[in-house]
Amino acid sequence: MTDGLPPLPSLPGLDLPPLPTLGPVSRQVPPSGARRRWLPAEVTAIRDETATARTFRLRIRGEAPDRHVPGQHYDVRLTAPDGSTAQRSYSIASAPDRADEVELTVELIPDGEVSPFLHEEIGVGDRVELRGPFGGWFVWRGDTPALLLGGGSGVVPLMAMRRFWHDSGERVPLRLLVSVRRPEDLYYRGEYGSETTVIHTRQAPPGDPRPAGRLSADDLRPLLTGGQIAYVCGSAGFSEHASQLLVSLGMPAADVRIERFGPG
Amino acid sequence: MARLGFGRGQLKDPRLPPGQYDTGSSFPVLTAEVSPRLTAQDWSFRVDGLVDTARTWDWEAAHRLQADTWNGDIHCVTSWSKLGTSFGGVSLDTFLAEAGVKPEATHVVAWSHSGYTTNLPLAEVTGGRAWVVWEHEGKPLPHEHGGPARLLVPNLYFWKSAKWIGGIRLLDHDEPGFWEQRGYHELGDPWLEQRYTGD
């Protein structure tokens, strides 16, 4: 997975201990190093995932950006008539089937600045600006067994991975665990297969043999098959809890990648 | 185009760099790796590379150095800023003075006990611009924010302020760190919006 990027610091002639490292780089910086430009994009479809989450399908106009790698994000910029702008990062939910179309799922943050606008004001045909795709750590290229753990809206980049895995023939083992408070909080309902486990932390659906409760080692143990890279995405609390559970079950910390976006 | 509802017509705080918003009293936690289980007893801070004497301080030794506090604003590349916050620790200048910086040193790589790295020009972390901190708002720095100790480089986006700081290595050249090898800007000046490679 490494691709020839610089090694960690060395100084010829000085006997220095090696620095710790989080592991290999899996994405090369754009060869030109060129600044990525803001590109106009048109909203072509909007879909409700839950009462507080919507997916926006966007068609990028003009020059096509790089095709994204599952797990990456786009920055979205909005400009008001007075010229003031606001921008946020949103995970890509769609598989990388096209370079010029992506789907972003946006959770409504009630006292936020950008997400309420996207939820309440934006419609099909409206335009926003996009910049990306970005991200070179929390990415999955489909060539290693993967264990995906998502809490709430943290499932979004994992869904891009799951969709990519499915579209490309399910060539390697993949397991997805989604943690939601209540059944109605589940994104992408109806799209999961036997690779996915949904756990409920506050209220389990009728007939669920698992009582509602926090993610536990017992939930994770059956999903560990060895040789996996784990991708954990969710709130700080979820990410910390889930990643520490994985390490306690024997997964090397270097095989655990975590992503959490800021609020808003 | 629908009515633009963001901004709410408020005057932007002049302390906010472009593209940033005020996160208020919250302090978001962003992390790429499993948090190391690091206590004050396990923690150490090393300065090596192009120095006269490579030095390592443990918790007690670091606390015997001249204490310093910093008040100001911090900025995350994910576009939140936290205004008017404070940290306490020791200036990086103090550590560097004890190790003795060789004249050929131009850059540092800061590294974390977790394995995270980030690169900085030496001039960005000297002259009262960087600290090793273990207090936030007068209380011990919480583990999720890098406790027991993190680097603080408030003039740059906060990914440069490595959590669980383990040391800095002085070099005569620049070597990209964890995020810098993965598409993020070498320097990361919030006022210039240096978020990604090439910005």
# chains A, B, ... in the order shown; residues from 1 in each chain; ligands from 1
call {"tool": "residues_around", "arguments": {"residues": "stretch 40-50 of chain A", "least_positions_apart": "4", "cutoff": "6 Å", "atoms": "only C-alpha atoms", "output": "MDAnalysis selection string"}}
result
chainID A and resid 54:61 124:129 187
call {"tool": "residues_around", "arguments": {"residues": "B:Val51", "least_positions_apart": "4", "cutoff": "7 Å", "atoms": "only C-alpha atoms", "output": "list in words"}}
result
Ala99, Gly100, Val101 and Lys102 of chain B
call {"tool": "closest_residue", "arguments": {"among": "B:His107, B:Gly128, B:Tyr21, B:Arg15", "to": "A:Ser84", "atoms": "only C-alpha atoms"}}
result
B:Tyr21
call {"tool": "interface_residues", "arguments": {"of": "chain B", "to": "chain A", "cutoff": "9 Å", "atoms": "only C-alpha atoms", "output": "ChimeraX atom specification"}}
result
/B:1-8,18-21,23,28-36,48-50,76,78-80,109,111-117,144,169,171-172,174-184,196-199
call {"tool": "atom_distance", "arguments": {"atom1": "atom CA of B:Arg46", "atom2": "atom CA of B:Ala105"}}
result
16.1 Å
call {"tool": "residues_around", "arguments": {"residues": "stretch 145-155 of chain A", "least_positions_apart": "5", "cutoff": "9 Å", "atoms": "only C-alpha atoms", "output": "PyMOL selection string"}}
result
chain A and resi 53+91+93+105-107+140+160-162+172-181+185-187+223-235+238-239+242+259-261
